[in-house]
Amino acid sequence: MFRPTNASVVLGVRAGVFDRPDAARITARLGAALTDAIARVAGDDLRAGTMVELVASPPDRTFVGGVLAV
């Protein structure tokens with residue numbers, strides 16, 4: 001049976017999260033938590049190859065329900 005050895009998660013977050021004083025702690029926790037979730041679901045052997053990318057979304061490009069969410 002073929003098992004992939006890598007996983008990739010791309011999570012869009014509001015750009016302002018990177019400006020917070022606790023940004024390093026928040027982003028580290030998100031990266032760790034998403035990696036843990038992948039490992040729990042798909043198997044711990046994927047942990048080392050799991051990549052998490054946090055992508056900043058500026059407020060003027062963020063929409064909720066089709067409406068600008070500024």
# chains A, B, ... in the order shown; residues from 1 in each chain; ligands from 1
>>> residues_around(residues="stretch 39-51 of chain A", least_positions_apart="4", cutoff="9 Å", atoms="only C-alpha atoms", output="MDAnalysis selection string")
chainID A and resid 4:10 31 34:35
>>> write_last_selection(atoms="all heavy atoms", output="PDB file, in the first residue's frame")
ATOM      1  N   PRO A   4       1.762   8.344   1.385  1.00  0.00           N
ATOM      2  CA  PRO A   4       2.521   9.572   1.134  1.00  0.00           C
ATOM      3  C   PRO A   4       3.398   9.903   2.341  1.00  0.00           C
ATOM      4  O   PRO A   4       3.071   9.577   3.475  1.00  0.00           O
ATOM      5  CB  PRO A   4       1.452  10.632   0.922  1.00  0.00           C
ATOM      6  CG  PRO A   4       0.189  10.055   1.433  1.00  0.00           C
ATOM      7  CD  PRO A   4       0.336   8.571   1.441  1.00  0.00           C
ATOM      8  N   THR A   5       4.514  10.531   2.073  1.00  0.00           N
ATOM      9  CA  THR A   5       5.437  10.846   3.153  1.00  0.00           C
ATOM     10  C   THR A   5       5.414  12.322   3.532  1.00  0.00           C
ATOM     11  O   THR A   5       6.070  12.716   4.475  1.00  0.00           O
ATOM     12  CB  THR A   5       6.874  10.466   2.764  1.00  0.00           C
ATOM     13  OG1 THR A   5       7.212  11.133   1.551  1.00  0.00           O
ATOM     14  CG2 THR A   5       7.007   8.969   2.575  1.00  0.00           C
ATOM     15  N   ASN A   6       4.688  13.148   2.795  1.00  0.00           N
ATOM     16  CA  ASN A   6       4.622  14.578   3.091  1.00  0.00           C
ATOM     17  C   ASN A   6       3.184  15.051   3.113  1.00  0.00           C
ATOM     18  O   ASN A   6       2.324  14.477   2.457  1.00  0.00           O
ATOM     19  CB  ASN A   6       5.382  15.385   2.033  1.00  0.00           C
ATOM     20  CG  ASN A   6       6.868  15.125   2.093  1.00  0.00           C
ATOM     21  OD1 ASN A   6       7.312  14.136   2.636  1.00  0.00           O
ATOM     22  ND2 ASN A   6       7.633  16.018   1.537  1.00  0.00           N
ATOM     23  N   ALA A   7       2.949  16.099   3.860  1.00  0.00           N
ATOM     24  CA  ALA A   7       1.639  16.750   3.890  1.00  0.00           C
ATOM     25  C   ALA A   7       1.881  18.248   3.915  1.00  0.00           C
ATOM     26  O   ALA A   7       2.899  18.709   4.413  1.00  0.00           O
ATOM     27  CB  ALA A   7       0.849  16.317   5.122  1.00  0.00           C
ATOM     28  N   SER A   8       0.924  18.993   3.374  1.00  0.00           N
ATOM     29  CA  SER A   8       1.045  20.442   3.346  1.00  0.00           C
ATOM     30  C   SER A   8      -0.291  21.058   3.742  1.00  0.00           C
ATOM     31  O   SER A   8      -1.332  20.654   3.243  1.00  0.00           O
ATOM     32  CB  SER A   8       1.434  20.913   1.945  1.00  0.00           C
ATOM     33  OG  SER A   8       1.452  22.322   1.880  1.00  0.00           O
ATOM     34  N   VAL A   9      -0.238  22.017   4.658  1.00  0.00           N
ATOM     35  CA  VAL A   9      -1.422  22.741   5.090  1.00  0.00           C
ATOM     36  C   VAL A   9      -1.159  24.222   4.859  1.00  0.00           C
ATOM     37  O   VAL A   9      -0.135  24.749   5.290  1.00  0.00           O
ATOM     38  CB  VAL A   9      -1.709  22.511   6.594  1.00  0.00           C
ATOM     39  CG1 VAL A   9      -2.894  23.346   7.055  1.00  0.00           C
ATOM     40  CG2 VAL A   9      -1.934  21.042   6.876  1.00  0.00           C
ATOM     41  N   VAL A  10      -2.071  24.879   4.152  1.00  0.00           N
ATOM     42  CA  VAL A  10      -1.983  26.321   3.948  1.00  0.00           C
ATOM     43  C   VAL A  10      -3.192  26.927   4.648  1.00  0.00           C
ATOM     44  O   VAL A  10      -4.333  26.583   4.351  1.00  0.00           O
ATOM     45  CB  VAL A  10      -1.987  26.687   2.454  1.00  0.00           C
ATOM     46  CG1 VAL A  10      -1.939  28.194   2.273  1.00  0.00           C
ATOM     47  CG2 VAL A  10      -0.810  26.022   1.741  1.00  0.00           C
ATOM     48  N   GLY A  31       1.229  26.370  14.031  1.00  0.00           N
ATOM     49  CA  GLY A  31       2.028  25.401  13.285  1.00  0.00           C
ATOM     50  C   GLY A  31       2.095  24.058  13.980  1.00  0.00           C
ATOM     51  O   GLY A  31       1.935  22.999  13.354  1.00  0.00           O
ATOM     52  N   LEU A  34      -1.542  22.330  14.011  1.00  0.00           N
ATOM     53  CA  LEU A  34      -1.929  21.777  12.707  1.00  0.00           C
ATOM     54  C   LEU A  34      -1.100  20.540  12.370  1.00  0.00           C
ATOM     55  O   LEU A  34      -1.617  19.557  11.831  1.00  0.00           O
ATOM     56  CB  LEU A  34      -1.802  22.844  11.620  1.00  0.00           C
ATOM     57  CG  LEU A  34      -2.843  23.956  11.739  1.00  0.00           C
ATOM     58  CD1 LEU A  34      -2.472  25.141  10.858  1.00  0.00           C
ATOM     59  CD2 LEU A  34      -4.225  23.435  11.391  1.00  0.00           C
ATOM     60  N   THR A  35       0.181  20.575  12.706  1.00  0.00           N
ATOM     61  CA  THR A  35       1.033  19.398  12.492  1.00  0.00           C
ATOM     62  C   THR A  35       0.539  18.230  13.338  1.00  0.00           C
ATOM     63  O   THR A  35       0.461  17.089  12.859  1.00  0.00           O
ATOM     64  CB  THR A  35       2.496  19.731  12.816  1.00  0.00           C
ATOM     65  OG1 THR A  35       2.931  20.783  11.954  1.00  0.00           O
ATOM     66  CG2 THR A  35       3.399  18.522  12.620  1.00  0.00           C
TER      67      THR A  35
END
>>> select_by_dssp(residues="chain A", states="helix (DSSP H, G or I)", output="number ranges by chain")
A: 15-19, 23-42, 44-49, 59-61
>>> select_by_dssp(residues="stretch 4-70 of chain A", states="strand (DSSP E)", output="PyMOL selection string")
chain A and resi 7-14+50-57+63-64+67-68
>>> residues_around(residues="A:Arg61", least_positions_apart="6", cutoff="9 Å", atoms="only C-alpha atoms", output="PyMOL selection string")
chain A and resi 68-70
>>> write_last_selection(atoms="all heavy atoms", output="PDB file, in the first residue's frame")
ATOM      1  N   LEU A  68     -17.042  42.543   1.913  1.00  0.00           N
ATOM      2  CA  LEU A  68     -15.739  42.913   2.451  1.00  0.00           C
ATOM      3  C   LEU A  68     -15.803  42.924   3.975  1.00  0.00           C
ATOM      4  O   LEU A  68     -16.701  43.518   4.565  1.00  0.00           O
ATOM      5  CB  LEU A  68     -15.329  44.287   1.925  1.00  0.00           C
ATOM      6  CG  LEU A  68     -13.908  44.733   2.210  1.00  0.00           C
ATOM      7  CD1 LEU A  68     -12.883  43.783   1.587  1.00  0.00           C
ATOM      8  CD2 LEU A  68     -13.693  46.152   1.686  1.00  0.00           C
ATOM      9  N   ALA A  69     -14.866  42.262   4.605  1.00  0.00           N
ATOM     10  CA  ALA A  69     -14.892  42.083   6.069  1.00  0.00           C
ATOM     11  C   ALA A  69     -13.884  42.976   6.770  1.00  0.00           C
ATOM     12  O   ALA A  69     -13.152  42.554   7.638  1.00  0.00           O
ATOM     13  CB  ALA A  69     -14.615  40.623   6.399  1.00  0.00           C
ATOM     14  N   VAL A  70     -13.859  44.242   6.397  1.00  0.00           N
ATOM     15  CA  VAL A  70     -12.918  45.189   7.007  1.00  0.00           C
ATOM     16  C   VAL A  70     -13.427  45.619   8.357  1.00  0.00           C
ATOM     17  O   VAL A  70     -14.553  45.836   8.585  1.00  0.00           O
ATOM     18  CB  VAL A  70     -12.693  46.421   6.097  1.00  0.00           C
ATOM     19  CG1 VAL A  70     -11.751  47.405   6.753  1.00  0.00           C
ATOM     20  CG2 VAL A  70     -12.187  45.992   4.757  1.00  0.00           C
TER      21      VAL A  70
END
>>> closest_residue(among="A:Ala23, A:Ala15, A:Ala28, A:Ile38", to="A:Val55", atoms="only C-alpha atoms")
A:Ala15
>>> residues_around(residues="A:Leu11", least_positions_apart="5", cutoff="9 Å", atoms="only C-alpha atoms", output="mmCIF file with C-alpha atoms, in the first residue's frame")
data_model
loop_
_atom_site.group_PDB
_atom_site.id
_atom_site.type_symbol
_atom_site.label_atom_id
_atom_site.label_comp_id
_atom_site.auth_asym_id
_atom_site.auth_seq_id
_atom_site.Cartn_x
_atom_site.Cartn_y
_atom_site.Cartn_z
ATOM 1 C CA VAL A 52 2.385 24.400 7.571
ATOM 2 C CA GLU A 53 2.222 27.746 5.814
ATOM 3 C CA LEU A 54 0.401 30.709 7.346
ATOM 4 C CA VAL A 55 -0.649 33.103 4.591
ATOM 5 C CA ALA A 56 -1.510 36.682 5.520
#
>>> atom_distance(atom1="atom CA of A:Pro58", atom2="atom CA of A:Val13")
8.8 Å
